[in-house]
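J.: What follows is upload_21.txt, compact mmCIF, C-alpha atoms and all ligand atoms.
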# COMPACT_ATOMS: atom_id res chain seq x y z
CA MET J 14 104.19 140.85 97.22
CA ALA J 15 106.88 140.13 99.77
CA LEU J 16 110.12 142.01 99.28
CA LEU J 17 113.22 139.93 99.73
CA THR J 18 115.64 140.94 102.48
CA PRO J 19 119.44 140.52 102.43
CA GLU J 20 119.02 137.88 105.18
CA ASP J 21 116.73 135.79 102.94
CA LEU J 22 119.57 135.68 100.44
CA GLU J 23 122.33 134.54 102.79
CA ASP J 24 123.72 131.09 102.27
CA LEU J 25 121.70 130.75 99.08
CA LEU J 26 123.59 127.96 97.37
CA ASN J 27 123.60 125.89 100.57
CA LYS J 28 119.83 126.26 100.78
CA LEU J 29 119.65 125.29 97.11
CA ASN J 30 121.69 122.13 97.67
CA MET J 31 119.48 121.10 100.58
CA ASN J 32 116.36 121.69 98.50
CA ASN J 33 117.85 119.94 95.50
CA ASN J 34 118.40 116.83 97.63
CA ILE J 35 114.78 116.91 98.78
CA ILE J 36 113.57 117.46 95.19
CA LYS J 37 115.69 114.56 93.90
CA GLU J 38 114.41 112.22 96.58
CA ALA J 39 110.79 113.33 96.10
CA THR J 40 110.66 113.41 92.27
CA GLY J 41 113.65 111.45 90.98
CA MET J 42 114.95 114.58 89.19
CA ASP J 43 116.99 117.57 90.25
CA ILE J 44 116.00 121.16 89.64
CA ALA J 45 118.00 121.52 86.42
CA GLN J 46 116.40 118.35 85.00
CA ILE J 47 112.92 119.56 85.94
CA CYS J 48 113.58 122.94 84.25
CA GLU J 49 114.81 121.12 81.13
CA ALA J 50 111.70 118.95 81.10
CA VAL J 51 109.36 121.94 81.45
CA TYR J 52 111.02 124.36 79.04
CA GLY J 53 112.85 122.02 76.67
CA THR J 54 116.08 124.04 76.90
CA THR J 55 119.62 123.53 78.21
CA PRO J 56 122.11 126.18 79.32
CA ASP J 57 124.50 127.23 76.55
CA SER J 58 127.10 129.95 76.17
CA ARG J 59 124.65 132.81 76.70
CA LYS J 60 125.88 135.78 78.69
CA VAL J 61 123.61 137.24 81.36
CA GLY J 62 123.75 140.95 82.22
CA ILE J 63 122.40 141.74 85.69
CA VAL J 64 121.20 145.33 86.13
CA PRO J 65 120.60 146.66 89.69
CA ILE J 66 117.46 148.83 89.85
CA THR J 67 117.09 151.68 92.36
CA SER J 68 113.39 152.56 91.97
CA GLY J 69 110.87 152.07 94.78
CA ASN J 70 112.49 150.45 97.81
CA GLY J 71 115.83 150.54 96.05
CA ILE J 72 118.69 148.11 95.74
CA ILE J 73 118.48 145.00 97.91
CA GLY J 74 121.79 143.94 99.42
CA ASN J 75 122.89 140.55 98.03
CA PHE J 76 120.24 140.58 95.26
CA SER J 77 122.44 141.16 92.20
CA SER J 78 125.28 139.06 93.61
CA SER J 79 122.79 136.25 94.25
CA LEU J 80 121.57 136.45 90.65
CA LEU J 81 125.15 136.20 89.46
CA ALA J 82 125.80 133.15 91.66
CA ILE J 83 122.61 131.49 90.36
CA THR J 84 123.50 132.28 86.72
CA GLU J 85 126.92 130.68 87.17
CA TYR J 86 125.55 127.72 89.13
CA PHE J 87 123.40 126.79 86.12
CA GLY J 88 126.36 127.02 83.77
CA LEU J 89 125.84 130.43 82.17
CA GLU J 90 128.25 133.32 82.16
CA GLY J 91 127.16 136.51 83.89
CA PHE J 92 128.15 139.98 85.02
CA ILE J 93 126.68 142.77 87.17
CA THR J 94 126.70 146.22 85.60
CA GLU J 95 128.70 148.89 87.35
CA HIS J 96 125.81 151.38 87.20
CA PRO J 97 122.13 150.75 87.97
CA ASP J 98 118.98 151.56 85.97
CA ILE J 99 119.10 152.85 82.38
CA THR J 100 122.83 153.48 82.45
CA GLY J 101 123.30 149.92 83.68
CA TYR J 102 120.98 148.58 80.99
CA HIS J 103 123.03 150.34 78.35
CA GLN J 104 126.22 148.92 79.84
CA ALA J 105 124.77 145.41 79.85
CA VAL J 106 123.90 145.61 76.16
CA ALA J 107 127.18 147.31 75.25
CA ASN J 108 129.12 144.56 77.06
CA GLY J 109 127.44 141.85 75.03
CA ALA J 110 124.69 140.56 77.32
CA ASP J 111 122.38 138.09 75.57
CA ILE J 112 119.98 137.96 78.49
CA ILE J 113 119.08 140.82 80.85
CA LEU J 114 117.97 140.14 84.44
CA MET J 115 116.45 143.02 86.39
CA ALA J 116 113.79 143.64 89.03
CA ASP J 117 111.91 146.51 90.57
CA ASP J 118 109.49 146.04 93.47
CA HIS J 119 106.71 144.80 91.22
CA ILE J 120 108.21 142.77 88.40
CA PHE J 121 111.35 140.75 87.97
CA VAL J 122 112.17 139.88 84.33
CA ALA J 123 114.56 137.84 82.25
CA HIS J 124 114.70 139.13 78.69
CA ASN J 125 116.62 137.30 75.99
CA LEU J 126 117.66 139.98 73.51
CA ARG J 127 118.59 137.41 70.83
CA ASN J 128 115.34 135.45 70.55
CA GLY J 129 112.96 138.02 72.06
CA LYS J 130 111.70 135.74 74.83
CA ILE J 131 110.77 137.47 78.08
CA ALA J 132 109.85 135.78 81.37
CA THR J 133 108.60 137.06 84.70
CA ASN J 134 109.59 135.71 88.08
CA HIS J 135 105.99 135.33 89.24
CA VAL J 136 104.89 133.13 86.34
CA CYS J 137 108.09 131.04 86.29
CA THR J 138 107.97 130.58 90.06
CA GLY J 139 104.35 129.42 89.88
CA VAL J 140 105.10 127.03 87.04
CA ILE J 141 108.22 125.47 88.52
CA TYR J 142 107.00 125.05 92.11
CA SER J 143 103.70 123.57 90.94
CA GLU J 144 105.62 121.30 88.55
CA ILE J 145 107.78 120.07 91.47
CA ALA J 146 104.64 119.33 93.52
CA SER J 147 103.08 117.47 90.58
CA ARG J 148 106.08 115.16 90.24
CA TYR J 149 105.83 113.66 93.74
CA LYS J 150 106.66 110.01 93.30
CA HIS J 151 105.17 108.76 96.57
CA THR J 152 101.58 109.09 95.35
CA ASP J 153 99.39 107.91 92.47
CA SER J 154 96.81 110.62 93.10
CA LYS J 155 96.11 113.33 90.52
CA ASP J 156 94.69 115.67 93.18
CA VAL J 157 96.73 118.77 93.98
CA LEU J 158 95.95 121.57 96.42
CA VAL J 159 96.90 125.14 95.49
CA ILE J 160 96.89 127.62 98.38
CA GLY J 161 96.88 131.25 97.28
CA LEU J 162 95.71 132.46 93.86
CA GLY J 163 97.73 135.65 93.44
CA ARG J 164 100.07 136.03 90.48
CA VAL J 165 102.28 133.09 91.48
CA GLY J 166 99.47 130.81 92.64
CA TYR J 167 97.34 131.49 89.58
CA ALA J 168 100.23 130.68 87.22
CA GLY J 169 100.85 127.41 89.08
CA ALA J 170 97.17 126.45 89.14
CA SER J 171 96.95 127.13 85.41
CA HIS J 172 100.04 124.98 84.76
CA LEU J 173 98.61 122.10 86.80
CA VAL J 174 95.25 122.25 85.00
CA GLU J 175 97.08 122.16 81.65
CA LYS J 176 99.01 119.11 82.85
CA GLY J 177 95.74 117.32 83.52
CA PHE J 178 95.77 117.43 87.31
CA ASN J 179 92.68 117.64 89.44
CA VAL J 180 93.25 121.05 90.99
CA TYR J 181 91.66 122.18 94.25
CA ALA J 182 92.38 125.74 95.30
CA CYS J 183 91.72 128.21 98.06
CA ASP J 184 92.18 131.92 98.58
CA PRO J 185 90.36 134.21 101.01
CA ASN J 186 89.91 136.70 98.15
CA THR J 187 86.62 135.72 96.49
CA ASP J 188 87.45 137.60 93.26
CA PHE J 189 90.65 135.56 92.87
CA MET J 190 88.73 132.39 93.70
CA ASN J 191 85.96 133.07 91.17
CA LYS J 192 88.46 134.00 88.46
CA ALA J 193 90.33 130.69 88.91
CA ILE J 194 87.09 128.71 88.94
CA GLU J 195 85.78 130.41 85.78
CA GLU J 196 89.00 130.68 83.79
CA LEU J 197 90.81 127.52 84.87
CA GLY J 198 88.05 125.25 86.12
CA VAL J 199 89.69 124.62 89.50
CA LYS J 200 87.54 123.28 92.34
CA ALA J 201 87.09 125.35 95.49
CA PHE J 202 88.74 123.66 98.46
CA ASP J 203 86.38 123.97 101.38
CA ILE J 204 87.99 124.03 104.82
CA GLU J 205 84.64 122.82 106.26
CA SER J 206 84.81 119.57 104.29
CA PRO J 207 88.51 118.75 104.43
CA ARG J 208 90.36 116.44 102.06
CA LYS J 209 93.89 115.27 102.55
CA PHE J 210 96.37 115.99 99.77
CA SER J 211 99.70 114.35 98.99
CA MET J 212 100.75 117.29 96.79
CA VAL J 213 100.44 120.89 97.92
CA PHE J 214 101.64 124.01 96.12
CA GLU J 215 101.51 127.05 98.40
CA ALA J 216 102.03 130.61 97.18
CA THR J 217 101.11 133.15 99.82
CA PRO J 218 103.13 135.75 101.74
CA ASN J 219 101.68 134.38 105.01
CA ALA J 220 102.86 131.91 107.65
CA ASN J 221 100.93 128.82 108.73
CA THR J 222 98.49 128.68 105.83
CA ILE J 223 98.60 124.87 105.85
CA SER J 224 96.60 123.08 108.52
CA GLU J 225 96.41 119.41 109.51
CA GLY J 226 93.07 118.90 107.76
CA MET J 227 94.68 119.51 104.36
CA ILE J 228 97.62 117.16 104.33
CA ALA J 229 98.15 113.42 104.06
CA GLU J 230 100.79 111.53 105.99
CA ARG J 231 103.98 111.69 103.83
CA CYS J 232 103.21 114.52 101.42
CA LEU J 233 105.12 117.05 99.34
CA VAL J 234 104.72 120.73 100.05
CA SER J 235 106.29 122.97 97.43
CA THR J 236 106.31 126.66 98.31
CA PRO J 237 108.22 129.79 97.33
CA GLY J 238 106.36 131.71 100.04
CA ILE J 239 108.19 133.54 102.78
CA PRO J 240 107.50 133.04 105.66
CA CYS J 241 106.98 129.28 105.60
CA ALA J 242 103.45 127.96 105.16
CA LEU J 243 104.06 125.15 107.64
CA PRO J 244 104.74 125.15 111.35
CA ASP J 245 107.83 123.01 112.19
CA GLU J 246 105.75 120.54 114.28
CA LEU J 247 103.65 119.61 111.24
CA VAL J 248 106.72 118.98 109.08
CA GLU J 249 107.91 116.46 111.69
CA LYS J 250 104.55 114.93 112.53
CA TYR J 251 103.46 114.28 108.93
CA ASP J 252 106.90 113.41 107.55
CA ILE J 253 106.56 116.18 104.97
CA ASP J 254 108.91 116.64 102.04
CA LEU J 255 109.22 120.42 102.09
CA VAL J 256 110.63 122.33 99.11
CA MET J 257 111.06 125.97 100.10
CA GLU J 258 113.73 128.32 98.91
CA PRO J 259 113.64 132.12 98.46
CA LEU J 260 115.10 132.79 94.99
CA VAL J 261 117.19 130.21 93.15
CA ILE J 262 114.50 127.84 91.89
CA GLY J 263 112.39 130.67 90.44
CA VAL J 264 115.39 132.30 88.78
CA ALA J 265 116.52 128.96 87.34
CA ALA J 266 113.08 128.60 85.76
CA MET J 267 113.29 132.16 84.36
CA LEU J 268 116.67 131.46 82.73
CA TYR J 269 115.61 128.11 81.24
CA SER J 270 112.36 129.60 79.99
CA VAL J 271 114.09 132.27 77.87
CA LEU J 272 116.93 130.11 76.49
O1 LIG I 1 117.91 145.59 91.90
C1 LIG I 1 117.62 145.44 93.10
O2 LIG I 1 118.47 145.17 93.97
C2 LIG I 1 116.18 145.57 93.50
N1 LIG I 1 115.49 146.55 92.70
C3 LIG I 1 115.57 144.19 93.45
C4 LIG I 1 114.08 144.10 93.75
C5 LIG I 1 113.69 142.66 93.88
N2 LIG I 1 112.29 142.46 93.71
C6 LIG I 1 111.58 141.82 94.61
O3 LIG I 1 111.99 141.45 95.69
C7 LIG I 1 110.20 141.59 94.18
N3 LIG I 1 109.32 141.59 95.31
C8 LIG I 1 110.11 140.29 93.41
C9 LIG I 1 110.91 139.16 94.02
C10 LIG I 1 110.42 137.85 93.58
C11 LIG I 1 111.16 136.75 94.30
N4 LIG I 1 110.40 135.54 94.35
MG MG I 2 103.96 131.53 102.98
Take the structure from the file and write it as structure tokens.
Ligand code: 2YJ
Ligand code: MG
T.:
Amino acid sequence: MALLTPEDLEDLLNKLNMNNNIIKEATGMDIAQICEAVYGTTPDSRKVGIVPITSGNGIIGNFSSSLLAITEYFGLEGFITEHPDITGYHQAVANGADIILMADDHIFVAHNLRNGKIATNHVCTGVIYSEIASRYKHTDSKDVLVIGLGRVGYAGASHLVEKGFNVYACDPNTDFMNKAIEELGVKAFDIESPRKFSMVFEATPNANTISEGMIAERCLVSTPGIPCALPDELVEKYDIDLVMEPLVIGVAAMLYSVL
């Protein structure tokens, strides 16, 4: 899994606003409305305690402050604990947090202490980015391409299958591929016999995973992956609606999913 860098997190709310405009134009809804539609919740007066975690690669500059900005952007109250780790967790609870947000290098969770709901960033990111792709209003097709079947890609593919989409998927890892075919019933996308998709959900840590053979003129590519799945020339040439943002959309989905 790609670790976020402080640079990825610069200018976060500006990036969100740009993406929100693309999402609105492409789906008719903004990110908050899409989260509401998926999870059936709306932000209330819950208080979010953000606990910095030092294990593994340690604290990422801008990470906790970004989570606080996102929490407030979606209308919840939040605070960052003074101390990290267990001491910070204790502080968060003692200061009345209803929801805890915290991440190590492997898992990033939102845990609502009042209703017991817990969400992970990888599942919520897969669900929300695939949901955005599936709402593209410039197509009648039910075919969606999922690129990458790791934790995020698998969650998105599963969500799309549940929504009744015709899901094609690819991943160079044959174990991942077979698991998705057997458990979800996705179809293997074969690069040798290309099809052109109007909706693409990409979830890999690699650049340039999308090639011309996969995409239709005027399509939506929804991807949380850093670096970007698409070379700039292709975005121009195919008039692609590109939704790509490093943190906010996934965190929004986490918060809505535990409310
Ligand atoms: O508290 C901190 O500052 C750090 N322990 C945060 C670690 C953040 N975790 C990651 O970057 C993971 N790779 C998951 C990020 C998922 C973003 N889509
Ligand atoms: Mg990528």
J.: Around ligand MG 2 (chain I), at most 7 Å away and counting only C-alpha atoms and all ligand atoms, which residues are there? Put them as a list in words, please.
T.: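 Within the 7 Å cut-off, the matching residues are Glu215, Ala216, Thr217, Pro218, Asn219, Ala220, Thr222, Gly238, Ile239, Pro240, Cys241 and Ala242 of chain J.
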J.: Restricting it to C-alpha atoms, dump the selection as a short mmCIF file (atom, residue, chain, number, x, y, z; two decimals), keeping the file's coordinate frame.
T.:
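Final file, result.cif:
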data_model
loop_
_atom_site.label_atom_id
_atom_site.label_comp_id
_atom_site.auth_asym_id
_atom_site.auth_seq_id
_atom_site.Cartn_x
_atom_site.Cartn_y
_atom_site.Cartn_z
CA GLU J 215 101.51 127.05 98.40
CA ALA J 216 102.03 130.61 97.18
CA THR J 217 101.11 133.15 99.82
CA PRO J 218 103.13 135.75 101.74
CA ASN J 219 101.68 134.38 105.01
CA ALA J 220 102.86 131.91 107.65
CA THR J 222 98.49 128.68 105.83
CA GLY J 238 106.36 131.71 100.04
CA ILE J 239 108.19 133.54 102.78
CA PRO J 240 107.50 133.04 105.66
CA CYS J 241 106.98 129.28 105.60
CA ALA J 242 103.45 127.96 105.16
#
J.: Would you compute the distance between atom CA of J:Ser143 and atom N2 of ligand LIG 1 (chain I)? Give it in Å to one decimal.
T.: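 Between atom CA of J:Ser143 and atom N2 of ligand LIG 1 (chain I) the gap is 20.9 Å.
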J.: Between J:Arg148, J:Gly69, J:Ala82, J:Leu268, which has the minimum distance to J:Thr55 (counting all atoms listed in the file)?
T.: J:Leu268
J.: Could you list the protein, DNA and RNA residues that have any atom within 9 Å of ligand LIG 1 (chain I), counting only C-alpha atoms and all ligand atoms, and write them as a VMD selection string?
T.: chain J and resid 14 to 18 63 to 77 97 to 98 115 to 121 134 to 135 138 165 237 to 239 259 to 261 263 to 264
J.: Separation of atom CA of J:Ile112 and atom CA of J:Leu22, in Å?
T.: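 Atom CA of J:Leu22 lies 22.1 Å from atom CA of J:Ile112.
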J.: Residues at most 8 Å from J:Ser211, counting only C-alpha atoms, excluding those fewer than 4 positions away in the same chain, as JSON, numbers by chain?
T.: {"J": [152, 154, 156, 157, 228, 229, 230, 231, 232, 233]}
J.: Could you pull out every residue with an atom within 9 Å of (129.5, 143.1, 92.4), file coordinates, counting only C-alpha atoms, and send them as a ChimeraX atom specification?
T.: /J:77-78,81,92-95
J.: Which residues are near J:Ser58? Cut-off 9 Å, all atoms listed in the file, ignore same chain within fewer than 4 positions. Put them as a list in words.
T.: Gly88, Leu89 and Glu90 of chain J
J.: So how far away is atom CA of J:Lys150 from atom CA of J:Ala39, in Å?
T.: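 Separation of atom CA of J:Ala39 and atom CA of J:Lys150: 6.0 Å.
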J.: Find the residue from J:Cys48, J:Ile223, J:Ile35, J:Leu173 that sits nearest to J:Gly161; use all atoms listed in the file when measuring.
T.: J:Ile223
J.: Which is closest to J:Asn32 among J:Ala105, J:Met212, J:Met267, J:Met257, if we use only C-alpha atoms?
T.: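 Of J:Ala105, J:Met212, J:Met267, J:Met257, the one nearest J:Asn32 is J:Met257, counting only C-alpha atoms.
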J.: Using 5 Å of padding on each side, determine the axis-aligned box around all atoms of stretch 211-230 of chain J present in the file and give its centre and edge lengths in Å to one decimal, as AutoDock Vina command-line options.
T.:
--center_x 98.1 --center_y 123.6 --center_z 102.8 --size_x 20.1 --size_y 34.2 --size_z 23.4
J.: I need every residue sitting at most 12 Å from the point (111.4, 126.1, 78.8) (coordinates as in the file, only C-alpha atoms considered), written as a list in words.
T.: Ala45, Gln46, Ile47, Cys48, Glu49, Ala50, Val51, Tyr52, Gly53, Thr54, Thr55, Pro56, Lys130, Ile131, Ala132, Cys137, Val140, Ile141, Ala265, Ala266, Met267, Leu268, Tyr269, Ser270, Val271 and Leu272 of chain J
J.: Which residue gives the smallest distance to J:Asn221 among J:Leu247, J:Val174, J:Val136, J:Met190, with all atoms listed in the file counted?
T.: J:Leu247
